[in-house]
Amino acid sequence: MNRLLDELSWRGLLAHHTDLGALSEAMDEGPIRFYVGFDPTAASLHIGHLIQLLTARRMQAAGHRPVLLVGGATGLIGDPKETGERVMNDPSVVAGWVEHIREQASRFVSFEGDNAAMIVNNLDWAGQLNVVEFLRDVGKHFPVNRMLARDIVAKRLESGISFTEFSYVLLQSMDYLELHRRHGVVLQTGGSDQWGNITAGVDLIRRADQHQVHALATPLLTKADGTKFGKTEGGTVWLDPELTSPYALHQFFLNAEDAKVIEYLKVFSFRGQDELDDLQRQVAEEPHKRAAQRALADDVVDLVHGQNEREAAAAAAAALFLSLIHI
């Protein structure tokens with residue numbers, strides 16, 4: 001298998017994939033273009049998005065070209081949730097979130113060199129499409145029985161789902177088709193909760209253009225008890241320092257469980273196997289020193305906010321610890 005795919009597999013980043021052999025062959029033939037999308041359903045990206053951004057960074061480091069999509073169109077609709085209909089945010093609010101998320105995402109990839117990253121907004125094509133064209137060119141490729149069989153739709157049928165949210169999968173699939181046609185994108189990545197939407201895009205390209213493209217999804221990280229990773233009692237852990245301070249972000253990862261910390265390091269850190277093996281040994285032999293947790297917290301804050309903010313967060317934590325000792 002391709003060296004990059006081996007690396008992603010070792011790091012536990014391959015939850016789902018289409019034809020991995022065909023993708024490996026495509027990568028071995030030369031650099032490919034891939035994309036990952038982010039919907040502006042809030043003012044900031046969060047820890048779950050960080051997994052996708054760092055995966056894109058790893059792929060770019062291996063020579064491939066990332067296309068980061070910010071969903072100015074899909075963000076106006078929202079992917080269906082199990083709990084009920086999303087609130088429709090004002091277009092001006094969504095437009096502001098698009099710009100903020102574009103700036104956040106751009107920090108994690110390079111825009112220089114032969115495989116320079118691109119950032120696109122799906123409102124650029126979806127906003128120009130009329131309803132008749134959409135139904136003829138996209139809608140005709142989606143059997144309703146398959147759409148009804150999707151897990152999230154099936155769960156919402158009893159409580160009710162609007163045609164707007166029901167149709168979200170068509171818009172996201174159209175993104176893949178447009179990026180394939182405009183920029184030669186042949187791989188979409190995302191979280192495993194998006195797998196149905198991602199594979200729908202693969203199917204649309206096969207039906208509309210008779211081309212084979214690829215998809216892979218990363219797992220949703222959990223805590224040792226099976227609950228979702230990335231939440232605290234105070235809510236979501238954000239990448240915006242105004243919403244989650246560098247100190248709070250550092251503390252969040254510093255409190256990672258021994259049973260999960262190496263798994264998190266593989267996902268959120270760029271440390272190699274030998275170093276992680278050593279940290280795993282320290283977890284087993286000297287858990288009280290929390291060497292792996294400190295490495296994880298330092299690496300994440302370095303990546304998200306920079307070394308200076310990480311050093312300030314670590315210094316604040318040390319000062320708080322000393323003050324508690326002397327109480």
# chains A, B, ... in the order shown; residues from 1 in each chain; ligands from 1
>>> residues_around(residues="region 298-307 of chain A", least_positions_apart="2", cutoff="10 Å", atoms="only C-alpha atoms", output="NGL selection string")
:A and (47 or 50 or 54 or 104 or 107-108 or 239-241 or 245-251 or 253-254 or 265 or 268-271 or 292-296 or 309-314)
>>> select_by_dssp(residues="region 222-276 of chain A", states="strand (DSSP E)", output="JSON, numbers by chain")
{"A": [231, 232, 235, 236]}
>>> write_last_selection(atoms="C-alpha atoms", output="PDB file, in the first residue's frame")
ATOM      1  CA  LYS A 231     -16.717  18.187  24.631  1.00  0.00           C
ATOM      2  CA  THR A 232     -16.385  19.506  28.171  1.00  0.00           C
ATOM      3  CA  GLY A 235     -19.446  22.723  25.859  1.00  0.00           C
ATOM      4  CA  THR A 236     -17.465  22.416  22.641  1.00  0.00           C
TER       5      THR A 236
END
>>> residues_around(residues="region 88-91 of chain A", least_positions_apart="6", cutoff="12 Å", atoms="only C-alpha atoms", output="list in words")
Pro40, Thr41, Ala42, Ala43, Gly72, Ala73, Thr74, Gly75, Leu76, Ile77, Gly78, Asp79, Trp97, Val98, Leu123, Thr164 and Glu165 of chain A
>>> closest_residue(among="A:Leu135, A:Met147, A:Ala56, A:Val70", to="Ala116 (chain A)", atoms="only C-alpha atoms")
A:Ala56
>>> closest_atom_pairs(of="region 24-133 of chain A", to="region 202-221 of chain A", cutoff="10 Å", atoms="only C-alpha atoms", output="tab-separated table")
residue	atom	partner	partner_atom	distance
A:Ala26	CA	A:His214	CA	9.7
A:Phe34	CA	A:His214	CA	9.1
A:Tyr35	CA	A:Ala215	CA	9.7
A:Gly48	CA	A:Leu220	CA	7.9
A:Ile51	CA	A:Thr218	CA	8.0
A:Gln52	CA	A:Thr218	CA	7.8
A:Thr55	CA	A:Thr218	CA	8.7
>>> write_last_selection(atoms="N, CA and C atoms", output="CSV table (one decimal), in the first residue's frame")
chain,number,residue,atom,x,y,z
A,26,ALA,N,-3.4,5.4,-7.6
A,26,ALA,CA,-3.5,6.8,-8.1
A,26,ALA,C,-2.4,7.7,-7.4
A,34,PHE,N,-7.1,16.6,-3.6
A,34,PHE,CA,-8.1,16.1,-2.7
A,34,PHE,C,-8.8,17.3,-2.0
A,35,TYR,N,-10.0,17.0,-1.5
A,35,TYR,CA,-10.7,18.1,-0.8
A,35,TYR,C,-11.3,17.7,0.5
A,48,GLY,N,-13.0,18.6,16.4
A,48,GLY,CA,-13.3,17.6,15.4
A,48,GLY,C,-12.8,18.1,14.0
A,51,ILE,N,-9.0,17.5,13.3
A,51,ILE,CA,-8.6,16.1,12.8
A,51,ILE,C,-8.5,16.2,11.3
A,52,GLN,N,-9.5,16.8,10.7
A,52,GLN,CA,-9.5,16.9,9.2
A,52,GLN,C,-8.4,17.8,8.7
A,55,THR,N,-5.1,16.0,9.0
A,55,THR,CA,-5.0,15.0,8.0
A,55,THR,C,-4.7,15.6,6.6
>>> closest_residue(among="A:Gly71, A:Asp258, A:Ala224, A:Val185", to="Tyr168 (chain A)", atoms="only C-alpha atoms")
A:Gly71
>>> atom_distance(atom1="CA of Ile101 (chain A)", atom2="CA of Ile262 (chain A)")
28.7 Å
>>> decode(residues="region 41-60 of chain A", atoms="N, CA and C atoms", output="compact mmCIF listing (two decimals), in the first residue's frame")
# COMPACT_ATOMS: atom_id res chain seq x y z
N THR A 41 -21.47 26.50 10.36
CA THR A 41 -22.67 26.43 11.20
C THR A 41 -22.44 27.06 12.56
N ALA A 42 -21.24 27.59 12.78
CA ALA A 42 -20.89 28.32 14.00
C ALA A 42 -19.77 29.29 13.65
N ALA A 43 -19.39 30.10 14.62
CA ALA A 43 -18.41 31.15 14.36
C ALA A 43 -16.99 30.64 14.28
N SER A 44 -16.76 29.38 14.65
CA SER A 44 -15.40 28.85 14.71
C SER A 44 -15.39 27.36 14.38
N LEU A 45 -14.23 26.90 13.95
CA LEU A 45 -13.98 25.46 13.85
C LEU A 45 -13.71 24.91 15.24
N HIS A 46 -13.84 23.58 15.40
CA HIS A 46 -13.63 22.96 16.71
C HIS A 46 -12.66 21.79 16.59
N ILE A 47 -12.49 21.06 17.68
CA ILE A 47 -11.51 19.98 17.73
C ILE A 47 -11.77 18.91 16.67
N GLY A 48 -13.03 18.60 16.41
CA GLY A 48 -13.34 17.62 15.38
C GLY A 48 -12.82 18.05 14.02
N HIS A 49 -12.93 19.35 13.71
CA HIS A 49 -12.41 19.87 12.45
C HIS A 49 -10.88 19.79 12.41
N LEU A 50 -10.25 19.91 13.57
CA LEU A 50 -8.80 19.87 13.62
C LEU A 50 -8.27 18.54 13.09
N ILE A 51 -8.99 17.45 13.34
CA ILE A 51 -8.58 16.15 12.81
C ILE A 51 -8.49 16.21 11.29
N GLN A 52 -9.49 16.84 10.65
CA GLN A 52 -9.50 16.93 9.20
C GLN A 52 -8.39 17.85 8.69
N LEU A 53 -8.15 18.94 9.38
CA LEU A 53 -7.11 19.87 8.95
C LEU A 53 -5.72 19.25 9.06
N LEU A 54 -5.48 18.50 10.12
CA LEU A 54 -4.18 17.87 10.28
C LEU A 54 -4.00 16.70 9.31
N THR A 55 -5.09 16.01 8.98
CA THR A 55 -5.02 14.97 7.95
C THR A 55 -4.67 15.60 6.61
N ALA A 56 -5.29 16.74 6.30
CA ALA A 56 -4.95 17.45 5.06
C ALA A 56 -3.48 17.88 5.07
N ARG A 57 -3.00 18.31 6.21
CA ARG A 57 -1.59 18.72 6.33
C ARG A 57 -0.65 17.53 6.08
N ARG A 58 -1.00 16.37 6.61
CA ARG A 58 -0.18 15.18 6.38
C ARG A 58 -0.16 14.83 4.89
N MET A 59 -1.32 14.91 4.25
CA MET A 59 -1.40 14.57 2.84
C MET A 59 -0.64 15.56 1.98
N GLN A 60 -0.69 16.84 2.34
CA GLN A 60 0.07 17.83 1.60
C GLN A 60 1.57 17.61 1.78
